[in-house]
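Visitor: My structure is below; once you've seen it, I'll send some questions.
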2 protein chains.
Amino acid sequence: MKPTVERYRPIVGDEIVDEIYEIAHPLRNKHIVHLNSTYQGGGVAEILQTLVALMNDVGIRTGWRILHGTPDFFEITKKFHNALQGNDINLTDKKKKIYEETNERFSSFTHLDHDLVFVHDPQPLPLIKFYAKKQPWVWRLHIDISKLNNGGLDLLNYLKSFILRYDAMIVSMEKYKKDMPIRQEVIPPSIDPLSSKNEKLSSQTIDRYLNKFGVDRDKPFITQVSRFDKFKDPEGVLRCYQKVKEKVDCRLVMIGNMASDDPEGESIYRRMITQYGDDPDVIFITATNNVLVNALQTEAACVIQKSLKEGFALTVSEALWKKTPVVASNVGGIPAQIIDGVNGYLVNPKDINMCADRIVKIMQNEKMAAEMGEKGHEIVKKNFLITRHLKDYLLLFGQLLQTKQCDNTPQ
Amino acid sequence: MKPTVERYRPIVGDEIVDEIYEIAHPLRNKHIVHLNSTYQGGGVAEILQTLVALMNDVGIRTGWRILHGTPDFFEITKKFHNALQGNDINLTDKKKKIYEETNERFSSFTHLDHDLVFVHDPQPLPLIKFYAKKQPWVWRLHIDISKLNNGGLDLLNYLKSFILRYDAMIVSMEKYKKDMPIRQEVIPPSIDPLSSKNEKLSSQTIDRYLNKFGVDRDKPFITQVSRFDKFKDPEGVLRCYQKVKEKVDCRLVMIGNMASDDPEGESIYRRMITQYGDDPDVIFITATNNVLVNALQTEAACVIQKSLKEGFALTVSEALWKKTPVVASNVGGIPAQIIDGVNGYLVNPKDINMCADRIVKIMQNEKMAAEMGEKGHEIVKKNFLITRHLKDYLLLFGQLLQTKQCDNTPQ
């Protein structure tokens, strides 16, 4: 069904819906464009799917364009992504050349006459250099850039030659701000409570999906929903499950796909299968299926997010929204979503025992788990739904566009 | 390097370059947009890569947008594609619904204020239904739709509800025209003589690439460049090579990738590996590498295109451009490129002996092969280069836009 703001009223309440209409009013008929580099896979595309539709619904003519790139280009921007997350990088001239030329080429057939241009993440960042800038440009970064090593610092310095041309930069957490002479806003990402991944499922649907994928219900299960990538520490999750299992008989469901371009991820996956493939209580699922993820997050006794790095980790909000307590590493955007002991637990990403202990606590105390679930739902409802996200963007657009209008008034 | 029309002058001559400028003149500053569904992989994206750049170069503000779709959607449009090529299809309401809804959704955030809209192939065909049409719309089909069975006829009848809203439809061959009340133009596709796949390579580069991929040069080789897909008949090529081998000692290089979503293709590939994996003179390459393809087409004694179906088969023009004779099936657009006995041979797609016989003829007669190569180059130069293609499009745009301007003159 077509997303409209009105459909969110029963879920989020009148106040924010009315506010959205009010803030959108002076922006009606403005022409805004979002630019990112993928329309499926990943949180950014998922957010844009709904956000762009809602912006159009409130009367803003909102476009969405995808940067075209070759596999070479995406290999480089993946390295950039990892370097901004703390990896090292060898920032060669060849990388810079391919990065900039891809953007230049895209700019040659992408005519931007919009009132505002909204660029997501590093892939299309250099675009701004190839336009005669006629409107405010906003850059939205979804990565935790708080810890950079030397390669990452080099990269950021290079990227500044593009970033500082923008009118504003948006990050997900206060701690991601950088010492740069540019307006910086903190706007966390969000989940869509009406998407197939987050809408309320009937118990029949839940049963059907869990049965179909072999998740028996004779004992409770815990789950991590994440790519099999070292930053998500899937092997740590398995070790943690072994510890939990000493105290509580349960299953572990690991659902995620393998980044096809990630040889390291492939060897992790193979190791996991070799070590745990014989344990009938460990279930690996590589299907991409939003309803199944929804069912797993809804029915799990506890959701785990043992990541070593996270831009924000919307999987945490997804689980909390379904009233499931979450035990997760105290990294990236996770502490914005979990209040330790209130709606789950924050753990040291290197401490397997601590993580297992917290999971056991939740599994052995049903009443506490239910209370945590309620509180998690409330926290997400207040802070991490798409309506709040939309409102924050509209407020920023209003400020940026008014500023521009003022500039045009006669002196 | 950025493609400009001027760079083609030394290759195609002054006449067509000057004509292009002249035809483009009244179109300058017009705003045109191309819409297709992929920006890499496949001939359409390859053409647009150059064509869009050249249209901008001659002063037409030309955009290029990609339809966003889910894997479900692309599975359906692939079935549509195959049905238009002669396969059967079960045209359910569910398929129609996903097909149309994906287009509707894309239209909701794709604002088309252009002077002309140019839609490629069936995926984005329904878009026109979701706009208040304010400008000429052109639909370009790249498929051979001359032979439809009942399912294909049903499908075409359904698609007519979109096609007939367009101002013109472009097909690649006269025989692809259909009895429909809409302007139909024949404009064949083209190759880019300056792309890495077609530019002239130094003999050092050729040696480096062929060595790297294990193509020894102590005997001549023949090659087919095509996906391992049943419509390209790779198993027929192998049988043909066996026959050739009885007369001429040679190698066969099969280069192509496997459509990852094609289980039939996968089993074909496995069968081929099982049957021919031990023959050191049969080389399978699955890498995607334009320079390698260029080197193979340049150095092959003969290029084969044993397809059962083809929209046009630009691989034929690619090989001919490199002065290599081609033996190819008399299907689709191939007879437009090959004059039997002049620049190669046309063969019955089911006749392995005939195909092998023609290859042997070419391999045993070096002088004739060289003459055929020269003639092939001339035919491509005259008919199948991107400059001719650009000129044809500009002529059509001029007609469509003038018509519209006339409509606006006072009565």
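In the structure tokens, each chain is lettered A, B, ... as it comes, each chain's residues begin at 1, and ligands are numbered from 1 in order of appearance.
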Considering only C-alpha atoms, return as a PDB file with N, CA and C atoms, in the first residue's frame whatever protein or nucleic-acid residues lie within 9 Å of Thr324 in chain B, sequence-local ones (same chain, fewer than 6 positions apart) excluded.
Guide:
```pdb
ATOM      1  N   GLN B 297      38.202 -10.902 -29.821  1.00  0.00           N
ATOM      2  CA  GLN B 297      37.536 -10.642 -31.103  1.00  0.00           C
ATOM      3  C   GLN B 297      38.543 -10.193 -32.162  1.00  0.00           C
ATOM      4  N   THR B 298      39.588  -9.511 -31.731  1.00  0.00           N
ATOM      5  CA  THR B 298      40.601  -9.039 -32.682  1.00  0.00           C
ATOM      6  C   THR B 298      41.451 -10.197 -33.199  1.00  0.00           C
ATOM      7  N   GLU B 299      41.814 -11.105 -32.315  1.00  0.00           N
ATOM      8  CA  GLU B 299      42.788 -12.124 -32.658  1.00  0.00           C
ATOM      9  C   GLU B 299      42.196 -13.442 -33.142  1.00  0.00           C
ATOM     10  N   ALA B 300      40.896 -13.628 -32.944  1.00  0.00           N
ATOM     11  CA  ALA B 300      40.291 -14.906 -33.346  1.00  0.00           C
ATOM     12  C   ALA B 300      40.409 -15.083 -34.864  1.00  0.00           C
ATOM     13  N   ALA B 301      40.580 -16.337 -35.283  1.00  0.00           N
ATOM     14  CA  ALA B 301      40.572 -16.635 -36.712  1.00  0.00           C
ATOM     15  C   ALA B 301      39.162 -16.439 -37.255  1.00  0.00           C
ATOM     16  N   CYS B 302      38.197 -16.661 -36.385  1.00  0.00           N
ATOM     17  CA  CYS B 302      36.794 -16.567 -36.784  1.00  0.00           C
ATOM     18  C   CYS B 302      35.984 -16.428 -35.511  1.00  0.00           C
ATOM     19  N   VAL B 303      34.988 -15.563 -35.538  1.00  0.00           N
ATOM     20  CA  VAL B 303      34.085 -15.435 -34.389  1.00  0.00           C
ATOM     21  C   VAL B 303      32.779 -16.134 -34.724  1.00  0.00           C
ATOM     22  N   ASN B 343      31.197 -10.916 -45.694  1.00  0.00           N
ATOM     23  CA  ASN B 343      31.979 -10.588 -44.494  1.00  0.00           C
ATOM     24  C   ASN B 343      31.864 -11.695 -43.440  1.00  0.00           C
ATOM     25  N   GLY B 344      31.426 -12.849 -43.882  1.00  0.00           N
ATOM     26  CA  GLY B 344      31.233 -13.977 -42.983  1.00  0.00           C
ATOM     27  C   GLY B 344      30.184 -14.878 -43.587  1.00  0.00           C
ATOM     28  N   ALA B 369      39.718 -14.682 -45.816  1.00  0.00           N
ATOM     29  CA  ALA B 369      39.363 -14.221 -44.470  1.00  0.00           C
ATOM     30  C   ALA B 369      39.728 -12.748 -44.297  1.00  0.00           C
ATOM     31  N   ALA B 370      40.916 -12.377 -44.795  1.00  0.00           N
ATOM     32  CA  ALA B 370      41.346 -10.983 -44.661  1.00  0.00           C
ATOM     33  C   ALA B 370      40.417 -10.058 -45.446  1.00  0.00           C
ATOM     34  N   MET B 372      37.253 -10.651 -46.214  1.00  0.00           N
ATOM     35  CA  MET B 372      35.990 -10.612 -45.469  1.00  0.00           C
ATOM     36  C   MET B 372      36.102  -9.641 -44.304  1.00  0.00           C
ATOM     37  N   GLY B 373      37.255  -9.687 -43.626  1.00  0.00           N
ATOM     38  CA  GLY B 373      37.466  -8.787 -42.480  1.00  0.00           C
ATOM     39  C   GLY B 373      37.354  -7.335 -42.894  1.00  0.00           C
ATOM     40  N   GLU B 374      37.988  -6.983 -44.007  1.00  0.00           N
ATOM     41  CA  GLU B 374      37.930  -5.589 -44.490  1.00  0.00           C
ATOM     42  C   GLU B 374      36.489  -5.182 -44.774  1.00  0.00           C
ATOM     43  N   GLY B 376      33.728  -6.489 -43.616  1.00  0.00           N
ATOM     44  CA  GLY B 376      32.952  -6.414 -42.368  1.00  0.00           C
ATOM     45  C   GLY B 376      33.151  -5.069 -41.693  1.00  0.00           C
ATOM     46  N   HIS B 377      34.376  -4.630 -41.662  1.00  0.00           N
ATOM     47  CA  HIS B 377      34.704  -3.344 -41.034  1.00  0.00           C
ATOM     48  C   HIS B 377      33.947  -2.211 -41.724  1.00  0.00           C
TER      49      HIS B 377
END
```
Visitor: Please list as a ChimeraX atom specification every residue within 12 Å of Ile339 in chain A, counting only C-alpha atoms and excluding residues in the same chain fewer than 3 positions away.
Guide: /A:316,320,325-330,333-336,342-347,372,375-376,379-380
Visitor: Nearest to chain B: which of A:Asp218, A:Asp88, A:Asp93, A:Glu104 is it, counting only C-alpha atoms?
Guide: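 Closest residue, counting only C-alpha atoms: A:Glu104.
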Visitor: What are the residues of chain B that have an atom within 9 Å of an atom of chain A, counting only C-alpha atoms, as JSON, numbers by chain?
Guide: {"B": [2, 33, 39, 40, 52, 53, 56, 61, 62, 63, 64, 65, 66, 68, 69, 70, 105, 108, 109, 110, 111]}
Visitor: Need the shell around Thr315 in chain B: protein/DNA/RNA residues with any atom at most 12 Å away, counting only C-alpha atoms. Skip same-chain ones fewer than 6 positions apart. Format as a PyMOL selection string?
Guide: chain B and resi 42-43+189-192+197-198+223-227+232+255-256+290+293-294+296-297+303-307+321-322+324-328+333-334+337-338+380+384
Visitor: Pull the alpha helix (DSSP H) assignments for range 96-197 of chain A out of DSSP run on the backbone, and list those residues as a count of residues only.
Guide: 27
